[in-house]
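Single-structure report; data block below.
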Amino acid sequence: MKLIDGIAVAKKVHEETRTRIAALSCRGLRPGLAVVLVGDRPASRVYVRKKAEQCAKLGFHSLRLELPDTITQQELVAHIAVLNADPKIHGILIQSPTPPHINEIEVAHAIDPRKDVDGLHPVNVAKLALEDPSGLVPCTPLGCRRLLLEYQVPISGAHAVILGRSRIVGKPLSLLLMSKGAGGDATVTVVHSRTRNLEKITCQADILISAIGRPHFLSGRHVCEGAVVIDVGINRVECPGTQSGYHLVGDANFKQVAPKCSLITPSPGGVGPMTIAMLLSNTVKACCQIHGLHL
Ligand code: NAP
């Protein structure tokens, strides 16, 4: 078994981003990312802070908009309209989850699709389905595919089983891996909470990707010998006695699953850093496309 080092691959992606930022800078351009936080969830605050720190390291213009959880849908959409019109901003991300009274689908509709670096606007969803490379693709699926490519995992013809069908991970990842050409051409099965005989299906996977948000759900029984496992799950489990009172674990029971795999991501330290790396890469792509550049 070999570990997939998400931190190392993310660094490589950041270096590529740095090079593209330098090329933009020569043209007097600086990519800008706006991250909108609604409410005060501690976990979301940590994610937003990490994104801002990475933006600063790479020289992005970054804007953090913190809004109270009492904000109305209409007011939030009005803030998004201001960001849509801001020429310094090329990427807009609304940190999920938002409070329950906010309709995330409507919010995604409100973002200018050219600045939709989370890839959730219907135009970008359609472009992914149509394999139009100008679309902005959700960052976590992009990160998962990049990890497979970096570790030279054969994707073409492989059976990829994805656990979870969310619009941010499972669904777009299924489209990416089944798309034609490099990094695609897999035979994809998506399983979810209503799937019967789940173990029987996951055991057929050459590539098994779990994004269900259930700590230690994936056991040795779910995995065949030699499979590649990408664990997207990041779950808080209570851990009395630690400073924070919790620790983070993936969807996989690592001790059981890892010995059976050829390759596996740890969680944390696997997909998480890739998500931020692909977000910043998407922001540079958005900046280039808005300015009609091919870098
Ligand atoms: P989500 O929207 O809650 O979706 C979870 C999916 O898992 C749903 O499709 C659900 O099925 C399915 N599911 C839940 N329990 C199941 C079970 N027992 N058996 C089979 N399927 C089951 O979650 P998400 O936003 O995609 O996130 C999933 C996990 O990934 C979370 O731990 C999240 O923190 C993590 N995540 C990590 C990153 C990163 O950067 N590493 C990014 C995004 C998410 P139904 O559709 O039938 O309900």
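By order in the structure tokens, chains are A, B, ...; within a chain, residues start at 1; ligands start at 1, following the order shown.
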| field | Env. residues ligand 1 / 9 Å / only C-alpha atoms and all ligand atoms / as JSON, numbers by chain | value | {"A": [96, 97, 139, 140, 141, 143, 144, 163, 164, 165, 166, 167, 168, 169, 170, 171, 190, 191, 192, 193, 194, 195, 198, 210, 211, 212, 213, 214, 215, 217, 231, 232, 233, 234, 235, 236, 249, 250, 251, 267, 268, 269, 270, 271, 272, 273, 274, 275, 276]}
| query | Quick one: residues within 9 Å of Ala81 (chain A), only C-alpha atoms counted, chain neighbours fewer than 3 positions away excluded, as a ChimeraX atom specification? | reply | /A:76-78,84-86,110-112
Keeping only N, CA, C and O atoms, write the selected residues to a file as a PDB file, in the first residue's frame.
```pdb
ATOM      1  N   LEU A  76     -28.625  38.619   0.366  1.00  0.00           N
ATOM      2  CA  LEU A  76     -27.446  37.861  -0.066  1.00  0.00           C
ATOM      3  C   LEU A  76     -27.266  37.980  -1.586  1.00  0.00           C
ATOM      4  O   LEU A  76     -26.153  38.216  -2.079  1.00  0.00           O
ATOM      5  N   VAL A  77     -28.368  37.858  -2.302  1.00  0.00           N
ATOM      6  CA  VAL A  77     -28.305  37.964  -3.765  1.00  0.00           C
ATOM      7  C   VAL A  77     -27.824  39.372  -4.169  1.00  0.00           C
ATOM      8  O   VAL A  77     -27.050  39.515  -5.128  1.00  0.00           O
ATOM      9  N   ALA A  78     -28.221  40.376  -3.405  1.00  0.00           N
ATOM     10  CA  ALA A  78     -27.776  41.750  -3.698  1.00  0.00           C
ATOM     11  C   ALA A  78     -26.257  41.874  -3.504  1.00  0.00           C
ATOM     12  O   ALA A  78     -25.572  42.525  -4.309  1.00  0.00           O
ATOM     13  N   ASN A  84     -20.459  40.390  -8.631  1.00  0.00           N
ATOM     14  CA  ASN A  84     -20.521  40.116 -10.081  1.00  0.00           C
ATOM     15  C   ASN A  84     -20.016  41.317 -10.880  1.00  0.00           C
ATOM     16  O   ASN A  84     -19.376  41.166 -11.926  1.00  0.00           O
ATOM     17  N   ALA A  85     -20.329  42.521 -10.362  1.00  0.00           N
ATOM     18  CA  ALA A  85     -19.986  43.750 -11.100  1.00  0.00           C
ATOM     19  C   ALA A  85     -18.579  44.256 -10.779  1.00  0.00           C
ATOM     20  O   ALA A  85     -18.105  45.193 -11.432  1.00  0.00           O
ATOM     21  N   ASP A  86     -17.922  43.660  -9.790  1.00  0.00           N
ATOM     22  CA  ASP A  86     -16.615  44.156  -9.352  1.00  0.00           C
ATOM     23  C   ASP A  86     -15.513  43.644 -10.300  1.00  0.00           C
ATOM     24  O   ASP A  86     -15.239  42.434 -10.347  1.00  0.00           O
ATOM     25  N   ALA A 110     -27.500  33.073  -8.937  1.00  0.00           N
ATOM     26  CA  ALA A 110     -27.245  34.517  -8.881  1.00  0.00           C
ATOM     27  C   ALA A 110     -25.808  34.877  -9.266  1.00  0.00           C
ATOM     28  O   ALA A 110     -25.522  36.019  -9.627  1.00  0.00           O
ATOM     29  N   ILE A 111     -24.900  33.897  -9.158  1.00  0.00           N
ATOM     30  CA  ILE A 111     -23.485  34.189  -9.455  1.00  0.00           C
ATOM     31  C   ILE A 111     -23.273  34.233 -10.971  1.00  0.00           C
ATOM     32  O   ILE A 111     -23.791  33.382 -11.703  1.00  0.00           O
ATOM     33  N   ASP A 112     -22.516  35.219 -11.418  1.00  0.00           N
ATOM     34  CA  ASP A 112     -22.126  35.278 -12.835  1.00  0.00           C
ATOM     35  C   ASP A 112     -21.406  33.955 -13.176  1.00  0.00           C
ATOM     36  O   ASP A 112     -20.400  33.634 -12.532  1.00  0.00           O
TER      37      ASP A 112
END
```
| request: Determine, counting only C-alpha atoms, which protein, DNA and RNA residues have an atom within 6 Å of an atom of Ile230 (chain A); residues of the same chain fewer than 5 positions away are not included. Present the result as number ranges by chain. | output: A: 209, 264-265
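For the pair CA of His90 (chain A) and CA of Pro113 (chain A), the interatomic distance is 10.4 Å.
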| message | Would you pick out the contacts of Val257 (chain A) at 12 Å or less, using only C-alpha atoms, so that residues sharing its chain but fewer than 6 positions from it are not included, and give the list as a PyMOL selection string? | response | chain A and resi 1+203+208+216-231+250-251+263-266
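The coordinates place CA of Gly135 (chain A) at 10.0 Å from CA of Gln289 (chain A).
Atom to atom, CA of Leu176 (chain A) and CA of Pro138 (chain A) stand 10.0 Å apart.
For region 82-227 of chain A, backbone-based DSSP labels the following residues as strand (DSSP E or B): Gly91, Ile92, Leu93, Ile94, His159, Ala160, Val161, Ile162, Leu163, Thr187, Val188, Thr189, Val190, Val191, Ile207, Leu208, Ile209, Ser210 and Leu218 of chain A.
Nearest-residue note for Pro154 (chain A): choosing from A:Ala186, A:Leu279, A:Ala129, A:Val107, the minimum distance belongs to A:Ala186, counting only C-alpha atoms.
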| said: Between A:Val153, A:Ala277, A:Ile290, A:Ala205, which residue has the minimum interatomic distance to Gly183 (chain A), considering only C-alpha atoms? | reply: A:Val153
| query | Skipping near chain neighbours, those fewer than 2 positions away, what residues fall within 12 Å of Cys55 (chain A) using only C-alpha atoms, listed as a ChimeraX atom specification? | reply | /A:14,17-18,21,30-35,48-53,57-64,91,276-277,279-281,283-284
